[in-house]
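Reviewing the structure listed below.
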Amino acid sequence: MTAASATHHPSASDERYGAAAFRRFRQSGKLTLLLTFLPPALLIFTIFVMLPMLNASFFSPYKWSGYGPAPWIFNADTGQTFGDWVGLRNFQQLAGHSAFATAASNTFKIILVSLFIQLPLALVLALMIYEKSYANTIFRLIFFVPYILAEVATGLIWSFVFDGNYGLSRTATDVLGLEEAFFPLADKDWAFNAILAVIVWKYFGFHMMIYIAGLQNISRDLIDAARIDGATPLEIVRYIKLPLLWPAITISIFYSVLGALQVFDIVMPMTAGGPSNSSHTLVSYLYNFGFIRLRVGFGSAVGVVLFIIGIVFAFTYRGTVQRRIAA
Amino acid sequence: MNTMKQIAGAMMLAGLVAGTADAETTVKVLSINRDSPEWKQIYTDAITEYNAANPGVTVEIEYMEDEAFKQKLPTLLQSDAAPDLFFSWSGGVFYEQARQGFLRPITGMIGDDWRAEASAGGLAALSYEGENYGAPEAAQNVAIWYNKELAAKAGVDPTAIKTWDDFLEQVKAVKDAGITPIIVGGQDKWTLHFYYSMLAMRIMGGEGILTSSLGENGGFDNEDWVRVGQEYLRLIELEPFQEGYLGVKYDQATGLWGDGGAVFHLMGDWDLGAQRAASSSGGLSNEQLGIIPFPAVEGGRGAVTETFGGASGFVVTKNAPDEAVDFLRYFMGPVPQENAARGGVYIPTIPTAAPLVEDSILKQFAALGGKSTFHQLFLDQALGADLGGAVNDVSAQLATGDITPEEAAAILEETRQFQ
């Protein structure tokens, strides 16, 4: 069905236009293409994205350990359903849990640090090395390497770096001749900051690459023209490069915020959410307090909250910031 | 009429007996990987012998890596491919499996002779709401390890420790001597929960913990639990642990211990091998190590002979045939366990097997278990995944000074009520 015929316009010309469009569409071979390629994609999207999301929202009003196919299914062996309906209790518990508040504020911190430290850093580096040269290629590679590393490996490597017993922190202490070794991951005030530093280190290269691609698309003529008009390098950045790079920046902000909401793999090997639950993110909170503790319903409730935050951000952002670019 | 019924009944019975005698019954066993070849051999031998002695039955065993086992089991138990017997660490996950009806109650099939030869504590660990679901294999016990050389250097004698106050005094003396008193891997909160739980055991006894878990006497929000927190804080205030203990997991911590990093280490018997594997110097030898039971707390109701640790074994699934239960008895019985004891493979639960342990340290643990008047399963398992997790949480939060003993008790009670 095309959009035109689906909207049921009463006028006959529109009907004819719709039918004609459909015939053109069919004859051009686009319909075959669509019928060939859309179903598999749609199927995969439904099975692996939509169904789990729906499932999570269906599970969230239950107290359920994860045993049995679903919480509402009747278990003939016990004469009861596998889970118990608890309504909004999971959400209420969530709201009253201090560790959840910490996890939410930590996730918010990741967003702030990503936007105000990571992205500017990536931008500055991109401006420095976007032009094609041998040295720049090497630098680009170096800055991009952290992004290639697997998250868990990154977490493990940094947990060795921060280890005050045998790690780099110990070596640094010995070299500096200090009395006490530094154990950032064991200190409540430092643990999450250490994770933030690693997140910046790990992902700035990705955003830098987005900016480099954007910068390389800017026509040299514009920059040369500005230079002839007497613009300083800073003014060129301010009035030519940044405005033209803005579409790339909005994309990178989008990825950065959604990525921040999903941070998990780095936290687990570094602190596992500790000391005393001070360094959880929303996802590591979900994993630890939901699945590890056999509370699939509760975990699903956290998942629903996370999903709502993500979806609200995505739609608001696309509807405002990114629409302005398209217009 | 009655005679007719009896005849019919007898015929049916005869038919059943004939049926089982003719048909080949297969008992499927699912175990976690036994990386130690000796342990695997014990299983292989037990199965070979049982199959030879029971012509109508074939026992098959399958091994699965720990994590895969944990992940696949929930699905497997709901399918036709469910095993008849499977390995269990007991505790929260086991309770959930029993509660949801995936396991077969075998209380009626455990006769007096079986009860006499098995460990009562072990059987209790694999029971839920008064029903037995399995039989125990290995037991783990937690005790205070001490490093003899370092203790001598610090001028303390750990064997003289009888009470918690004695222990705190020695910790202080060690600290004053400039030596780290205790190693702990605090990032794994369960290592800290050992202190909190064992204090609870000494203060209110295993009975008291059970009463709390049933919600009686104020549940967890009573003066006993507040005292547990207070005594725990007395230790924390001495700053007894190695630097940065909250950023270290058990594996790394036991490596530090194996390298002679402290005088004391509150840990289970498995640490004997673990510290050697994790240390950079080959670890501590049996001669360098000693163990003492966790000391009594003044005014506490729990005896020093009450033990704390783990228990593992095999449990029966709901559709398993009677033959599976028969094999379970043999599999977890005296023959394999005595072999395990003699070979130093694990510390068996069967009372007649425990004295056969030869390793000088494991022998002491076995003796501890043998004298046990009550075996408390690790609290983070016994209380279920959720409340158990909360015990771990408060143990860490008390250590970081985030909460008071009163708040800890209230958090535990709140979590219990939500269950």
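Naming works like this for the structure tokens: A, B, ... for the chains as they're shown, residue 1 at the start of each chain, ligands 1 onward in shown order.
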All strand (DSSP E or B) positions in segment 322-389 of chain B, as JSON, numbers by chain: {"B": [348, 374, 375, 376, 377]}
Serialized selection, all heavy atoms, as a CSV table (one decimal), in the first residue's frame:
chain,number,residue,atom,x,y,z
B,348,PRO,N,34.6,-34.8,52.4
B,348,PRO,CA,33.3,-35.4,52.2
B,348,PRO,C,32.4,-35.1,53.4
B,348,PRO,O,32.8,-34.7,54.4
B,348,PRO,CB,33.7,-36.9,52.2
B,348,PRO,CG,34.9,-37.0,53.0
B,348,PRO,CD,35.7,-35.7,52.8
B,374,PHE,N,25.7,-27.6,64.3
B,374,PHE,CA,24.8,-27.0,63.4
B,374,PHE,C,25.6,-26.4,62.2
B,374,PHE,O,26.6,-25.7,62.4
B,374,PHE,CB,24.0,-25.8,64.1
B,374,PHE,CG,23.0,-25.1,63.3
B,374,PHE,CD1,21.6,-25.5,63.4
B,374,PHE,CD2,23.3,-24.1,62.4
B,374,PHE,CE1,20.7,-24.9,62.6
B,374,PHE,CE2,22.3,-23.5,61.6
B,374,PHE,CZ,21.0,-23.9,61.8
B,375,HIS,N,25.1,-26.7,61.0
B,375,HIS,CA,25.9,-26.2,59.8
B,375,HIS,C,25.0,-25.2,59.1
B,375,HIS,O,23.9,-25.5,58.6
B,375,HIS,CB,26.2,-27.3,58.8
B,375,HIS,CG,27.1,-26.9,57.7
B,375,HIS,ND1,28.4,-26.4,57.9
B,375,HIS,CD2,26.9,-26.8,56.4
B,375,HIS,CE1,28.9,-26.1,56.8
B,375,HIS,NE2,28.0,-26.3,55.8
B,376,GLN,N,25.5,-23.9,59.2
B,376,GLN,CA,24.8,-22.9,58.6
B,376,GLN,C,25.3,-22.7,57.2
B,376,GLN,O,26.5,-22.5,57.0
B,376,GLN,CB,24.9,-21.6,59.4
B,376,GLN,CG,24.4,-20.3,58.7
B,376,GLN,CD,22.9,-20.4,58.6
B,376,GLN,OE1,22.1,-20.6,59.5
B,376,GLN,NE2,22.4,-20.2,57.4
B,377,LEU,N,24.4,-22.7,56.2
B,377,LEU,CA,24.8,-22.5,54.8
B,377,LEU,C,25.2,-21.0,54.7
B,377,LEU,O,24.6,-20.1,55.4
B,377,LEU,CB,23.7,-22.8,53.9
B,377,LEU,CG,23.9,-23.1,52.4
B,377,LEU,CD1,24.8,-24.3,52.3
B,377,LEU,CD2,22.6,-23.4,51.7
For chain A against chain B, which residues fall within 9 Å using only C-alpha atoms, given as a PyMOL selection string?
-> chain A and resi 63+65-69+75-78+80+82+159+163-165+180-188+191+270-277+289-290+292-295
With only C-alpha atoms as the counted atoms, please give the residues lying no more than 9 Å from segment 62-66 of chain B, apart from itself and same-chain residues fewer than 6 positions off, as JSON, numbers by chain. {"B": [28, 29, 30, 31, 32, 33, 34]}
Restrict the selected residues to all heavy atoms and save them as a compact mmCIF listing (two decimals), in the first residue's frame.
# COMPACT_ATOMS: atom_id res chain seq x y z
N LYS B 28 19.90 -40.33 33.73
CA LYS B 28 20.78 -39.29 33.19
C LYS B 28 21.24 -38.35 34.29
O LYS B 28 20.42 -37.82 35.04
CB LYS B 28 20.06 -38.49 32.10
CG LYS B 28 19.89 -39.28 30.81
CD LYS B 28 19.33 -38.38 29.72
CE LYS B 28 17.90 -37.99 30.03
NZ LYS B 28 17.33 -37.07 29.05
N VAL B 29 22.55 -38.18 34.39
CA VAL B 29 23.12 -37.34 35.43
C VAL B 29 23.80 -36.15 34.76
O VAL B 29 24.52 -36.31 33.79
CB VAL B 29 24.15 -38.11 36.28
CG1 VAL B 29 24.70 -37.24 37.40
CG2 VAL B 29 23.54 -39.38 36.84
N LEU B 30 23.55 -34.96 35.28
CA LEU B 30 24.22 -33.77 34.77
C LEU B 30 25.08 -33.16 35.88
O LEU B 30 24.58 -32.84 36.95
CB LEU B 30 23.20 -32.74 34.29
CG LEU B 30 23.77 -31.44 33.73
CD1 LEU B 30 24.56 -31.68 32.46
CD2 LEU B 30 22.67 -30.43 33.48
N SER B 31 26.37 -33.05 35.60
CA SER B 31 27.28 -32.50 36.61
C SER B 31 27.97 -31.27 36.05
O SER B 31 28.04 -31.09 34.84
CB SER B 31 28.33 -33.55 36.98
OG SER B 31 29.35 -32.97 37.75
N ILE B 32 28.49 -30.43 36.93
CA ILE B 32 29.36 -29.36 36.46
C ILE B 32 30.70 -30.01 36.11
O ILE B 32 30.98 -31.13 36.54
CB ILE B 32 29.58 -28.25 37.51
CG1 ILE B 32 30.07 -28.83 38.83
CG2 ILE B 32 28.31 -27.46 37.70
CD1 ILE B 32 30.65 -27.81 39.76
N ASN B 33 31.51 -29.31 35.36
CA ASN B 33 32.83 -29.84 34.99
C ASN B 33 33.63 -30.18 36.22
O ASN B 33 33.69 -29.41 37.17
CB ASN B 33 33.61 -28.77 34.21
CG ASN B 33 33.44 -28.94 32.73
OD1 ASN B 33 32.74 -29.86 32.28
ND2 ASN B 33 34.07 -28.09 31.97
N ARG B 34 34.22 -31.36 36.22
CA ARG B 34 35.14 -31.69 37.31
C ARG B 34 36.54 -31.56 36.76
O ARG B 34 37.05 -32.49 36.10
CB ARG B 34 34.86 -33.10 37.83
CG ARG B 34 33.57 -33.22 38.61
CD ARG B 34 33.57 -32.28 39.78
NE ARG B 34 32.33 -32.35 40.57
CZ ARG B 34 31.99 -31.41 41.44
NH1 ARG B 34 32.75 -30.36 41.62
NH2 ARG B 34 30.88 -31.53 42.14
Would you list the contacts of Ala152 of chain B as a PDB file with all heavy atoms, in the first residue's frame, taking every protein, DNA or RNA residue within 10 Å and counting only C-alpha atoms, but skipping same-chain residues closer than 6 positions in sequence?
ATOM      1  N   PRO B 158      47.596 -16.969  67.867  1.00  0.00           N
ATOM      2  CA  PRO B 158      46.185 -17.128  67.465  1.00  0.00           C
ATOM      3  C   PRO B 158      45.486 -18.306  68.129  1.00  0.00           C
ATOM      4  O   PRO B 158      44.268 -18.260  68.313  1.00  0.00           O
ATOM      5  CB  PRO B 158      46.273 -17.325  65.950  1.00  0.00           C
ATOM      6  CG  PRO B 158      47.551 -16.674  65.563  1.00  0.00           C
ATOM      7  CD  PRO B 158      48.485 -16.927  66.705  1.00  0.00           C
ATOM      8  N   VAL B 174      48.750  -6.788  66.139  1.00  0.00           N
ATOM      9  CA  VAL B 174      49.414  -6.994  64.852  1.00  0.00           C
ATOM     10  C   VAL B 174      49.566  -5.669  64.127  1.00  0.00           C
ATOM     11  O   VAL B 174      50.614  -5.332  63.582  1.00  0.00           O
ATOM     12  CB  VAL B 174      48.620  -8.001  63.989  1.00  0.00           C
ATOM     13  CG1 VAL B 174      49.179  -8.058  62.588  1.00  0.00           C
ATOM     14  CG2 VAL B 174      48.628  -9.374  64.628  1.00  0.00           C
ATOM     15  N   VAL B 263      48.361 -11.557  58.667  1.00  0.00           N
ATOM     16  CA  VAL B 263      48.385 -12.609  59.682  1.00  0.00           C
ATOM     17  C   VAL B 263      47.132 -13.481  59.607  1.00  0.00           C
ATOM     18  O   VAL B 263      47.202 -14.688  59.766  1.00  0.00           O
ATOM     19  CB  VAL B 263      48.521 -11.996  61.097  1.00  0.00           C
ATOM     20  CG1 VAL B 263      48.497 -13.079  62.161  1.00  0.00           C
ATOM     21  CG2 VAL B 263      49.821 -11.204  61.193  1.00  0.00           C
TER      22      VAL B 263
END
Quick one: DSSP alpha helix (DSSP H) residues in segment 172-403 of chain B, as number ranges by chain? B: 172-176, 189-213, 223-237, 250-258, 271-278, 322-331, 334-343, 360-370, 379-382, 384-399
Using only C-alpha atoms, which residues of segment 90-172 of chain B come within 9 Å of segment 292-301 of chain B, and what is the closest atom pair for each, with the distance in Å to one decimal? Give it as a Markdown table, sorted by chain and residue number.
| residue | atom | partner | partner_atom | distance |
| --- | --- | --- | --- | --- |
| B:Val142 | CA | B:Pro293 | CA | 8.0 |
| B:Ala143 | CA | B:Pro293 | CA | 5.0 |
| B:Ile144 | CA | B:Ile292 | CA | 5.3 |
| B:Trp145 | CA | B:Ile292 | CA | 6.6 |
| B:Tyr146 | CA | B:Ile292 | CA | 7.9 |
| B:Pro158 | CA | B:Ile292 | CA | 7.5 |
| B:Thr159 | CA | B:Ile292 | CA | 6.6 |
| B:Ile161 | CA | B:Pro295 | CA | 6.8 |
| B:Lys162 | CA | B:Pro295 | CA | 5.2 |
| B:Thr163 | CA | B:Ala296 | CA | 4.6 |
| B:Trp164 | CA | B:Val297 | CA | 5.2 |
| B:Asp165 | CA | B:Val297 | CA | 7.6 |
| B:Asp166 | CA | B:Pro295 | CA | 8.4 |
| B:Phe167 | CA | B:Pro295 | CA | 7.5 |
Counting only C-alpha atoms, figure out which residue out of B:Ala46, B:Val304, B:Leu192, B:Met332 gets nearest to Pro136 of chain B.
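Residue with the minimum atom-to-atom distance to Pro136 of chain B: B:Met332.
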Using only C-alpha atoms, the residue out of B:Ala324, B:Ala125, B:Val357, B:Val391 with shortest distance to Arg104 of chain B is B:Ala324
| message | So that I can check the surroundings of Thr102 of chain A, please list as a list in words every protein, DNA and RNA residue that reaches within 10 Å of it, counting only C-alpha atoms and ignoring chain neighbours fewer than 6 positions away. | response |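 Residues meeting the cut-off are Phe108, Asn277, Ser278, Ser279, His280, Thr281, Leu282 and Tyr285 of chain A.
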Would you save the residues of that selection, restricted to N, CA and C atoms, as a PDB file, in the first residue's frame?
ATOM      1  N   PHE A 108      23.633   9.757  34.595  1.00  0.00           N
ATOM      2  CA  PHE A 108      23.530  11.163  34.209  1.00  0.00           C
ATOM      3  C   PHE A 108      24.919  11.785  34.124  1.00  0.00           C
ATOM      4  N   ASN A 277      27.982  -0.332  46.244  1.00  0.00           N
ATOM      5  CA  ASN A 277      27.016   0.107  45.229  1.00  0.00           C
ATOM      6  C   ASN A 277      27.160   1.567  44.818  1.00  0.00           C
ATOM      7  N   SER A 278      28.376   2.131  44.918  1.00  0.00           N
ATOM      8  CA  SER A 278      28.529   3.546  44.593  1.00  0.00           C
ATOM      9  C   SER A 278      28.813   3.776  43.116  1.00  0.00           C
ATOM     10  N   SER A 279      29.148   2.734  42.364  1.00  0.00           N
ATOM     11  CA  SER A 279      29.533   2.979  40.975  1.00  0.00           C
ATOM     12  C   SER A 279      28.675   2.206  39.975  1.00  0.00           C
ATOM     13  N   HIS A 280      27.430   1.933  40.343  1.00  0.00           N
ATOM     14  CA  HIS A 280      26.544   1.274  39.380  1.00  0.00           C
ATOM     15  C   HIS A 280      26.068   2.253  38.320  1.00  0.00           C
ATOM     16  N   THR A 281      25.848   1.731  37.100  1.00  0.00           N
ATOM     17  CA  THR A 281      25.087   2.474  36.108  1.00  0.00           C
ATOM     18  C   THR A 281      23.708   1.824  36.076  1.00  0.00           C
ATOM     19  N   LEU A 282      22.790   2.395  35.281  1.00  0.00           N
ATOM     20  CA  LEU A 282      21.449   1.810  35.260  1.00  0.00           C
ATOM     21  C   LEU A 282      21.488   0.355  34.818  1.00  0.00           C
ATOM     22  N   TYR A 285      23.099  -1.909  37.422  1.00  0.00           N
ATOM     23  CA  TYR A 285      22.107  -2.034  38.505  1.00  0.00           C
ATOM     24  C   TYR A 285      21.048  -3.077  38.130  1.00  0.00           C
TER      25      TYR A 285
END
*asked:* Taking 4 positions as the minimum chain separation for residues in the same chain, which residues sit within 10 Å of Tyr255 of chain A when counting only C-alpha atoms? Answer as a list of chain:residue names.
replied: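 Counting only the stated atoms, we get A:Phe206, A:His207, A:Ile249, A:Thr250, A:Ile251, A:Gly259, A:Ala260, A:Leu261, A:Ala314.
Closest approach to Val304 of chain A among A:Ile73, A:Ala226, A:Ile240, A:Leu94 is made by A:Leu94 (distances from only C-alpha atoms).
Nearest residue to Arg140 of chain A among A:Trp246, A:Phe307, A:Trp64, A:Phe204 is A:Phe204, counting only C-alpha atoms.
Checking A:Ile266, A:Ile218, A:Leu33, A:Ile110 one by one against Pro247 of chain A, counting only C-alpha atoms, you find the shortest gap at A:Ile218.
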Which residue is closest to Met53 of chain A? Choose from A:Ser169, A:Ser300, A:Thr32, A:Ser133 and count only C-alpha atoms.
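With only C-alpha atoms as the atom set, the closest residue is A:Ser300.
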Do you know which residues are at most 10 Å from Ala410 of chain B counting only C-alpha atoms, after dropping those on the same chain fewer than 2 positions away, and could you put them as a PyMOL selection string?
-> chain B and resi 218-222+225-226+404-408+412-416
Computed interatomic separation between atom CA of Phe100 of chain A and atom CA of Ile236 of chain B (Å)
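Answer for the atom CA of Phe100 of chain A to atom CA of Ile236 of chain B separation: 26.1 Å.
Counting from atom CA of Thr36 of chain A, the distance to atom CA of Leu54 of chain A is 26.6 Å.
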